[in-house]
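Worksheet: the structure to be examined is printed underneath.
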Amino acid sequence: MASADRNVQISKIGIIGAGVSGLAAAKQLARHEPIVFEATDSIGGVWKHCSYSSTKLQSLRCDYEFSDFPWPDRDNSSFPSHAEIVDYVEAYAKHFDLLKCVRFNSKVVGVRFMGDQKITDNGGSYGSLLPGEPVWEVAVQTGSDTIQLYAFEFLVMCVGKYGDIPKMPVFPKGKGPEVFQGKVMHSMDYSKLDQEATTQLLRGKKVVVVGYKKSAIDLAMECAEANQGPEGQPCTMIVRTLHWIVPHYWVWGLPFFLFYSTRFSQFLHERPSQSLLKTLLCLLFTPLRRGVSKFIESYLLWKMPLAKYGLKPEHPFEEDYASCQMAIVPENFFAEAEKGKIVFRRPSKWWFWEGGIEFDDKTRVEADVVALATGFEGKQKIKSILPEPFRSLVEFPSGVMPLYRGMIHPLIPNAAFVGYLESVSNLHSAELGCKWLSRLAAGEFKLPSVEGMLEQTAREVEVSKRTTRFYKRHCISTYSINHDDEICEEMGWSAWRKANWFFEAFSPYSSQDYEKEK
């Protein structure tokens, strides 16, 4: 059993995680000399530790960059690989000398709150982020037998929603992986293999991929590429929940950003804090919003054989966009399906038998390898770190983590959660949120009351519920500009960031628009 060093190191701010969000937090809070704990030996988060060899960013470089550190080739129209993203993130960290803040191979194994919890018991003031004395004790494992204790006034959680804890399907007794004679692995484990190992795992093997989001689609594509030629075996995808996929960011010759990523296009959508007049206008705009969704769906159904393979979702495209679940499909994905290298099955239920997978219609598929691209238990990661009573409050009261401005849980004192709000660009949302957090810590403005923040987060949930059935993903993509407006206003910045009204209305926003105060 590891022993704790009672020589407690005291600092103002502790940051857990050195992925994109953790580095953004370290940069913006640098004046306080934060300590960043990274469980692995390198920065980069999921881009470094949870990506396949073929994984690419799903947006252009200019839509995924820090406001004060543009990509060297930001006008390159190709999607950067995960390796290019890691290089970019590492260059950012070195440029701003952030590595001096990072403690590598330092896993947080326990957190204890030492402060006054009474602010969570009423709807009054949240209080200062930096109370002047440590309120969090953090236990960090730095070796097999060594635990170092730290104490902080303010704790920033940046452990992310993906990686570490896989979401595993549950099966009836006698129908789980234990009866299967082949290999079962989660996509998280697959991502840790190098290209040679993945090719050896997949080539000539009967592979079943469970899932239909980006990780499942990319894995199936890698399987098809490893099984070219007459000796190659088909990859079977088990698809239960359909989502709209897109081939690129053009729709009938028009750039995709025109439909959802400008101030004008987002004016058609409901937002959490809006006037009665705006609410009435949203009702009037309902046919137009549906028309936009149908327009995009018509292009996707024309461009890809979704109907042929039974992959046309029943819900509108807008619901997937509003829940940040739109995935870019690899260029030759359906070409491989046409060749029979990728096969789709749409069962209601499935389970294992000794030779593979059995479906509820009594049919079977033989398999050598079953890859579970079934996602991750993102909130469980936070719960595994937080102590009670805060662990029980993570999803209180709506089943969605209530984060004011995507950062502050009103019922958890002296803590922030960066990287849990999803948007068109999670990097941009994290960075702008950290700029807001830095100014809040400096006392440049004050938070609303606990009750006021809970009301705001409840309004966000209600808007999401009316927009998409997948509302628990906490995505702001249909009102992201308004979200950023409100953050700017609280910081004392101008909400309108463009040079003139035309660009303000019809051009997309990016991190570059928020580089400096205006």
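We name chains A, B, ... following the order of the structure tokens; residues begin at 1 in each chain, and ligands are numbered from 1 as shown.
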
message = Env of Pro72 in chain A: 12 Å cut, atoms = only C-alpha atoms, seq-sep filter 3 positions within chain, self excluded. Answer as a ChimeraX atom specification.
response = /A:61-62,65-66,69,75-76,84-85,87-88,91-92

request  = Quick one: everything within 7 Å of Ala415 in chain A, counting only C-alpha atoms, minus sequence neighbours fewer than 5 positions away in the same chain. Send it as a PyMOL selection string.
outcome  = chain A and resi 154-156+408

Using N, CA, C and O atoms, can you export the residues from the last selection as an mmCIF file, in the first residue's frame?
data_model
loop_
_atom_site.group_PDB
_atom_site.id
_atom_site.type_symbol
_atom_site.label_atom_id
_atom_site.label_comp_id
_atom_site.auth_asym_id
_atom_site.auth_seq_id
_atom_site.Cartn_x
_atom_site.Cartn_y
_atom_site.Cartn_z
ATOM 1 N N PHE A 154 -7.986 26.650 -5.069
ATOM 2 C CA PHE A 154 -8.897 26.491 -6.208
ATOM 3 C C PHE A 154 -8.425 25.304 -7.033
ATOM 4 O O PHE A 154 -7.231 25.147 -7.294
ATOM 5 N N LEU A 155 -9.366 24.448 -7.433
ATOM 6 C CA LEU A 155 -9.053 23.229 -8.168
ATOM 7 C C LEU A 155 -9.765 23.248 -9.519
ATOM 8 O O LEU A 155 -10.967 23.516 -9.593
ATOM 9 N N VAL A 156 -9.021 22.968 -10.593
ATOM 10 C CA VAL A 156 -9.573 22.953 -11.950
ATOM 11 C C VAL A 156 -9.496 21.531 -12.492
ATOM 12 O O VAL A 156 -8.414 20.974 -12.654
ATOM 13 N N ILE A 408 -18.420 26.393 -13.992
ATOM 14 C CA ILE A 408 -18.611 26.409 -12.542
ATOM 15 C C ILE A 408 -19.853 25.612 -12.151
ATOM 16 O O ILE A 408 -20.958 25.904 -12.621
#

ask   = Of the candidates A:Ile245, A:Val207, A:Leu372, A:Cys324, which one gets nearest to Ser425 in chain A if we count only C-alpha atoms?
value = A:Cys324

key: Spatial neighbours of Ile16 in chain A, 12 Å, only C-alpha atoms, chain gap at least 4 places, as a VMD selection string   = chain A and resid 20 to 23 25 to 26 34 to 40 43 45 101 to 111 138 to 140 152 154 to 160 381 to 382 385 to 386 415 to 419

Output C-alpha atoms of each residue in that selection to a file, as a PDB file, in the first residue's frame.
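Once written, result-v5.pdb looks like this:
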ATOM      1  CA  VAL A  20      -5.982  20.746 -24.444  1.00  0.00           C
ATOM      2  CA  SER A  21      -8.259  22.043 -21.649  1.00  0.00           C
ATOM      3  CA  GLY A  22      -5.625  21.688 -18.948  1.00  0.00           C
ATOM      4  CA  LEU A  23      -3.058  23.599 -21.014  1.00  0.00           C
ATOM      5  CA  ALA A  25      -6.269  26.640 -18.027  1.00  0.00           C
ATOM      6  CA  ALA A  26      -2.536  26.717 -17.209  1.00  0.00           C
ATOM      7  CA  PRO A  34      -0.624  26.677 -11.084  1.00  0.00           C
ATOM      8  CA  ILE A  35       0.505  23.081 -10.698  1.00  0.00           C
ATOM      9  CA  VAL A  36      -0.754  20.731 -13.418  1.00  0.00           C
ATOM     10  CA  PHE A  37      -0.998  17.008 -12.648  1.00  0.00           C
ATOM     11  CA  GLU A  38      -0.705  14.698 -15.647  1.00  0.00           C
ATOM     12  CA  ALA A  39      -1.065  10.954 -15.037  1.00  0.00           C
ATOM     13  CA  THR A  40       0.964  10.013 -18.128  1.00  0.00           C
ATOM     14  CA  ILE A  43       0.726  16.235 -22.741  1.00  0.00           C
ATOM     15  CA  GLY A  45      -4.833  14.164 -23.654  1.00  0.00           C
ATOM     16  CA  CYS A 101       3.844  23.819 -14.580  1.00  0.00           C
ATOM     17  CA  VAL A 102       3.271  20.159 -15.414  1.00  0.00           C
ATOM     18  CA  ARG A 103       4.040  17.279 -13.060  1.00  0.00           C
ATOM     19  CA  PHE A 104       4.231  14.205 -15.316  1.00  0.00           C
ATOM     20  CA  ASN A 105       3.468  10.652 -14.149  1.00  0.00           C
ATOM     21  CA  SER A 106       1.435  12.206 -11.331  1.00  0.00           C
ATOM     22  CA  LYS A 107      -1.929  10.516 -10.904  1.00  0.00           C
ATOM     23  CA  VAL A 108      -4.519  12.119  -8.642  1.00  0.00           C
ATOM     24  CA  VAL A 109      -5.800   9.309  -6.432  1.00  0.00           C
ATOM     25  CA  GLY A 110      -7.831  11.270  -3.911  1.00  0.00           C
ATOM     26  CA  VAL A 111      -9.305  14.696  -3.183  1.00  0.00           C
ATOM     27  CA  VAL A 138      -5.110  16.488  -3.295  1.00  0.00           C
ATOM     28  CA  ALA A 139      -3.318  13.133  -3.006  1.00  0.00           C
ATOM     29  CA  VAL A 140      -1.025  12.475  -5.975  1.00  0.00           C
ATOM     30  CA  PHE A 152      -4.986  24.372  -3.072  1.00  0.00           C
ATOM     31  CA  PHE A 154      -8.897  26.491  -6.208  1.00  0.00           C
ATOM     32  CA  LEU A 155      -9.053  23.229  -8.168  1.00  0.00           C
ATOM     33  CA  VAL A 156      -9.573  22.953 -11.950  1.00  0.00           C
ATOM     34  CA  MET A 157     -10.733  19.565 -13.275  1.00  0.00           C
ATOM     35  CA  CYS A 158      -9.600  18.936 -16.858  1.00  0.00           C
ATOM     36  CA  VAL A 159      -9.784  15.142 -17.060  1.00  0.00           C
ATOM     37  CA  GLY A 160     -12.210  15.243 -19.987  1.00  0.00           C
ATOM     38  CA  LYS A 381     -14.072   9.945 -14.101  1.00  0.00           C
ATOM     39  CA  ILE A 382     -15.079  13.047 -12.166  1.00  0.00           C
ATOM     40  CA  ILE A 385     -11.986  11.906  -7.999  1.00  0.00           C
ATOM     41  CA  LEU A 386     -14.502  14.038  -6.126  1.00  0.00           C
ATOM     42  CA  ALA A 415     -13.636  24.341  -8.293  1.00  0.00           C
ATOM     43  CA  ALA A 416     -14.016  24.569 -12.063  1.00  0.00           C
ATOM     44  CA  PHE A 417     -14.626  21.915 -14.709  1.00  0.00           C
ATOM     45  CA  VAL A 418     -13.046  22.613 -18.093  1.00  0.00           C
ATOM     46  CA  GLY A 419     -13.691  20.563 -21.212  1.00  0.00           C
TER      47      GLY A 419
END

Could you give me, as CSV, every range 270-368 of chain A residue with an atom at most 9 Å from range 175-185 of chain A, plus its closest atom pair and distance in Å to one decimal, counting only C-alpha atoms, rows ordered by chain then number?
residue,atom,partner,partner_atom,distance
A:Trp351,CA,A:Lys175,CA,5.6
A:Phe352,CA,A:Lys175,CA,5.1
A:Trp353,CA,A:Phe180,CA,5.6
A:Glu354,CA,A:Phe180,CA,4.1
A:Gly355,CA,A:Phe180,CA,6.2
A:Gly356,CA,A:Phe180,CA,6.4
A:Ile357,CA,A:Phe180,CA,8.5
A:Ala367,CA,A:Gly182,CA,7.0
A:Asp368,CA,A:Gly182,CA,4.8

Next, the residues of the selection above should be written as a PDB file, in the first residue's frame with all heavy atoms.
ATOM      1  N   TRP A 351     -25.797 -10.411 -28.428  1.00  0.00           N
ATOM      2  CA  TRP A 351     -25.017 -10.975 -27.333  1.00  0.00           C
ATOM      3  C   TRP A 351     -23.948 -11.897 -27.929  1.00  0.00           C
ATOM      4  O   TRP A 351     -23.891 -12.110 -29.144  1.00  0.00           O
ATOM      5  CB  TRP A 351     -25.911 -11.740 -26.356  1.00  0.00           C
ATOM      6  CG  TRP A 351     -26.822 -12.735 -27.016  1.00  0.00           C
ATOM      7  CD1 TRP A 351     -26.549 -14.023 -27.332  1.00  0.00           C
ATOM      8  CD2 TRP A 351     -28.167 -12.495 -27.463  1.00  0.00           C
ATOM      9  NE1 TRP A 351     -27.626 -14.623 -27.942  1.00  0.00           N
ATOM     10  CE2 TRP A 351     -28.639 -13.708 -28.024  1.00  0.00           C
ATOM     11  CE3 TRP A 351     -29.023 -11.397 -27.441  1.00  0.00           C
ATOM     12  CZ2 TRP A 351     -29.913 -13.823 -28.560  1.00  0.00           C
ATOM     13  CZ3 TRP A 351     -30.290 -11.510 -27.967  1.00  0.00           C
ATOM     14  CH2 TRP A 351     -30.718 -12.725 -28.517  1.00  0.00           C
ATOM     15  N   PHE A 352     -23.110 -12.413 -27.075  1.00  0.00           N
ATOM     16  CA  PHE A 352     -22.020 -13.281 -27.531  1.00  0.00           C
ATOM     17  C   PHE A 352     -22.444 -14.748 -27.542  1.00  0.00           C
ATOM     18  O   PHE A 352     -23.282 -15.181 -26.747  1.00  0.00           O
ATOM     19  CB  PHE A 352     -20.801 -13.141 -26.600  1.00  0.00           C
ATOM     20  CG  PHE A 352     -20.056 -11.847 -26.756  1.00  0.00           C
ATOM     21  CD1 PHE A 352     -20.364 -10.751 -25.965  1.00  0.00           C
ATOM     22  CD2 PHE A 352     -19.031 -11.734 -27.683  1.00  0.00           C
ATOM     23  CE1 PHE A 352     -19.663  -9.565 -26.091  1.00  0.00           C
ATOM     24  CE2 PHE A 352     -18.324 -10.550 -27.823  1.00  0.00           C
ATOM     25  CZ  PHE A 352     -18.645  -9.463 -27.020  1.00  0.00           C
ATOM     26  N   TRP A 353     -21.888 -15.499 -28.455  1.00  0.00           N
ATOM     27  CA  TRP A 353     -21.847 -16.951 -28.370  1.00  0.00           C
ATOM     28  C   TRP A 353     -20.381 -17.345 -28.576  1.00  0.00           C
ATOM     29  O   TRP A 353     -19.545 -16.483 -28.871  1.00  0.00           O
ATOM     30  CB  TRP A 353     -22.784 -17.627 -29.374  1.00  0.00           C
ATOM     31  CG  TRP A 353     -22.484 -17.387 -30.819  1.00  0.00           C
ATOM     32  CD1 TRP A 353     -22.686 -16.251 -31.524  1.00  0.00           C
ATOM     33  CD2 TRP A 353     -21.910 -18.317 -31.741  1.00  0.00           C
ATOM     34  NE1 TRP A 353     -22.282 -16.384 -32.829  1.00  0.00           N
ATOM     35  CE2 TRP A 353     -21.801 -17.658 -32.997  1.00  0.00           C
ATOM     36  CE3 TRP A 353     -21.473 -19.643 -31.659  1.00  0.00           C
ATOM     37  CZ2 TRP A 353     -21.274 -18.276 -34.138  1.00  0.00           C
ATOM     38  CZ3 TRP A 353     -20.958 -20.261 -32.789  1.00  0.00           C
ATOM     39  CH2 TRP A 353     -20.873 -19.582 -34.005  1.00  0.00           C
ATOM     40  N   GLU A 354     -20.043 -18.571 -28.426  1.00  0.00           N
ATOM     41  CA  GLU A 354     -18.627 -18.966 -28.418  1.00  0.00           C
ATOM     42  C   GLU A 354     -17.903 -18.635 -29.713  1.00  0.00           C
ATOM     43  O   GLU A 354     -16.698 -18.373 -29.725  1.00  0.00           O
ATOM     44  CB  GLU A 354     -18.480 -20.454 -28.109  1.00  0.00           C
ATOM     45  CG  GLU A 354     -19.139 -21.370 -29.126  1.00  0.00           C
ATOM     46  CD  GLU A 354     -19.001 -22.837 -28.749  1.00  0.00           C
ATOM     47  OE1 GLU A 354     -18.766 -23.132 -27.559  1.00  0.00           O
ATOM     48  OE2 GLU A 354     -19.127 -23.679 -29.662  1.00  0.00           O
ATOM     49  N   GLY A 355     -18.649 -18.581 -30.822  1.00  0.00           N
ATOM     50  CA  GLY A 355     -18.011 -18.325 -32.119  1.00  0.00           C
ATOM     51  C   GLY A 355     -18.173 -16.914 -32.635  1.00  0.00           C
ATOM     52  O   GLY A 355     -17.696 -16.605 -33.730  1.00  0.00           O
ATOM     53  N   GLY A 356     -18.858 -16.044 -31.889  1.00  0.00           N
ATOM     54  CA  GLY A 356     -19.055 -14.691 -32.392  1.00  0.00           C
ATOM     55  C   GLY A 356     -20.221 -13.980 -31.733  1.00  0.00           C
ATOM     56  O   GLY A 356     -20.370 -14.003 -30.507  1.00  0.00           O
ATOM     57  N   ILE A 357     -21.084 -13.369 -32.572  1.00  0.00           N
ATOM     58  CA  ILE A 357     -22.203 -12.549 -32.102  1.00  0.00           C
ATOM     59  C   ILE A 357     -23.517 -13.146 -32.580  1.00  0.00           C
ATOM     60  O   ILE A 357     -23.645 -13.554 -33.735  1.00  0.00           O
ATOM     61  CB  ILE A 357     -22.075 -11.100 -32.618  1.00  0.00           C
ATOM     62  CG1 ILE A 357     -20.764 -10.471 -32.142  1.00  0.00           C
ATOM     63  CG2 ILE A 357     -23.259 -10.265 -32.168  1.00  0.00           C
ATOM     64  CD1 ILE A 357     -20.656 -10.307 -30.645  1.00  0.00           C
ATOM     65  N   ALA A 367     -16.983 -14.452 -35.592  1.00  0.00           N
ATOM     66  CA  ALA A 367     -16.010 -13.389 -35.347  1.00  0.00           C
ATOM     67  C   ALA A 367     -14.755 -13.939 -34.706  1.00  0.00           C
ATOM     68  O   ALA A 367     -14.796 -14.891 -33.919  1.00  0.00           O
ATOM     69  CB  ALA A 367     -16.629 -12.307 -34.459  1.00  0.00           C
ATOM     70  N   ASP A 368     -13.624 -13.320 -35.080  1.00  0.00           N
ATOM     71  CA  ASP A 368     -12.353 -13.582 -34.398  1.00  0.00           C
ATOM     72  C   ASP A 368     -12.055 -12.472 -33.398  1.00  0.00           C
ATOM     73  O   ASP A 368     -11.453 -12.714 -32.359  1.00  0.00           O
ATOM     74  CB  ASP A 368     -11.209 -13.660 -35.415  1.00  0.00           C
ATOM     75  CG  ASP A 368     -11.429 -14.745 -36.454  1.00  0.00           C
ATOM     76  OD1 ASP A 368     -11.613 -15.902 -36.049  1.00  0.00           O
ATOM     77  OD2 ASP A 368     -11.419 -14.420 -37.655  1.00  0.00           O
TER      78      ASP A 368
END

ask   = Restricting the calculation to only C-alpha atoms, which member of A:Phe257, A:Trp501, A:Ala495, A:Ile412 is positioned closest to Lys518 in chain A?
value = A:Ala495

How close does each residue of range 317-432 of chain A get to range 259-280 of chain A, giving the shortest atom pair and distance in Å to one decimal for every residue with an atom at most 12 Å away, counting only C-alpha atoms, sorted by chain and residue number, as a tab-separated table?
residue	atom	partner	partner_atom	distance
A:Phe317	CA	A:Tyr260	CA	11.7
A:Glu318	CA	A:Tyr260	CA	9.4
A:Tyr321	CA	A:Tyr260	CA	8.8
A:Ala322	CA	A:Tyr260	CA	9.6
A:Tyr404	CA	A:Pro272	CA	11.8
A:Arg405	CA	A:Pro272	CA	11.5
A:Ser423	CA	A:Ser261	CA	10.7
A:Val424	CA	A:Ser261	CA	8.3
A:Ser425	CA	A:Ser261	CA	10.9

Write the residues you've just listed into a file as a compact mmCIF listing (two decimals), in the first residue's frame, and include N, CA, C and O atoms for each of them.
# COMPACT_ATOMS: atom_id res chain seq x y z
N PHE A 317 -31.68 15.96 -38.92
CA PHE A 317 -30.24 16.25 -38.85
C PHE A 317 -29.94 17.23 -37.72
O PHE A 317 -28.92 17.12 -37.04
N GLU A 318 -30.81 18.20 -37.55
CA GLU A 318 -30.60 19.24 -36.53
C GLU A 318 -30.38 18.66 -35.14
O GLU A 318 -29.62 19.20 -34.34
N TYR A 321 -26.75 17.67 -34.88
CA TYR A 321 -25.89 18.84 -34.81
C TYR A 321 -26.02 19.52 -33.44
O TYR A 321 -25.02 19.95 -32.85
N ALA A 322 -27.23 19.58 -32.93
CA ALA A 322 -27.48 20.24 -31.64
C ALA A 322 -26.92 19.46 -30.46
O ALA A 322 -26.84 19.98 -29.35
N TYR A 404 -22.29 26.46 -14.88
CA TYR A 404 -22.52 27.84 -15.27
C TYR A 404 -21.39 28.29 -16.18
O TYR A 404 -20.21 28.14 -15.85
N ARG A 405 -21.74 28.83 -17.34
CA ARG A 405 -20.79 29.20 -18.39
C ARG A 405 -19.91 28.02 -18.79
O ARG A 405 -18.80 28.18 -19.30
N SER A 423 -19.13 21.87 -28.03
CA SER A 423 -19.52 22.92 -28.97
C SER A 423 -18.95 22.58 -30.34
O SER A 423 -18.40 21.49 -30.55
N VAL A 424 -19.06 23.52 -31.28
CA VAL A 424 -18.49 23.32 -32.60
C VAL A 424 -16.98 23.14 -32.50
O VAL A 424 -16.38 22.35 -33.22
N SER A 425 -16.34 23.86 -31.58
CA SER A 425 -14.91 23.72 -31.32
C SER A 425 -14.70 23.66 -29.82
O SER A 425 -14.77 24.69 -29.14

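If you look at CA of Arg345 in chain A and CA of Ala197 in chain A, they are 26.7 Å away from each other.
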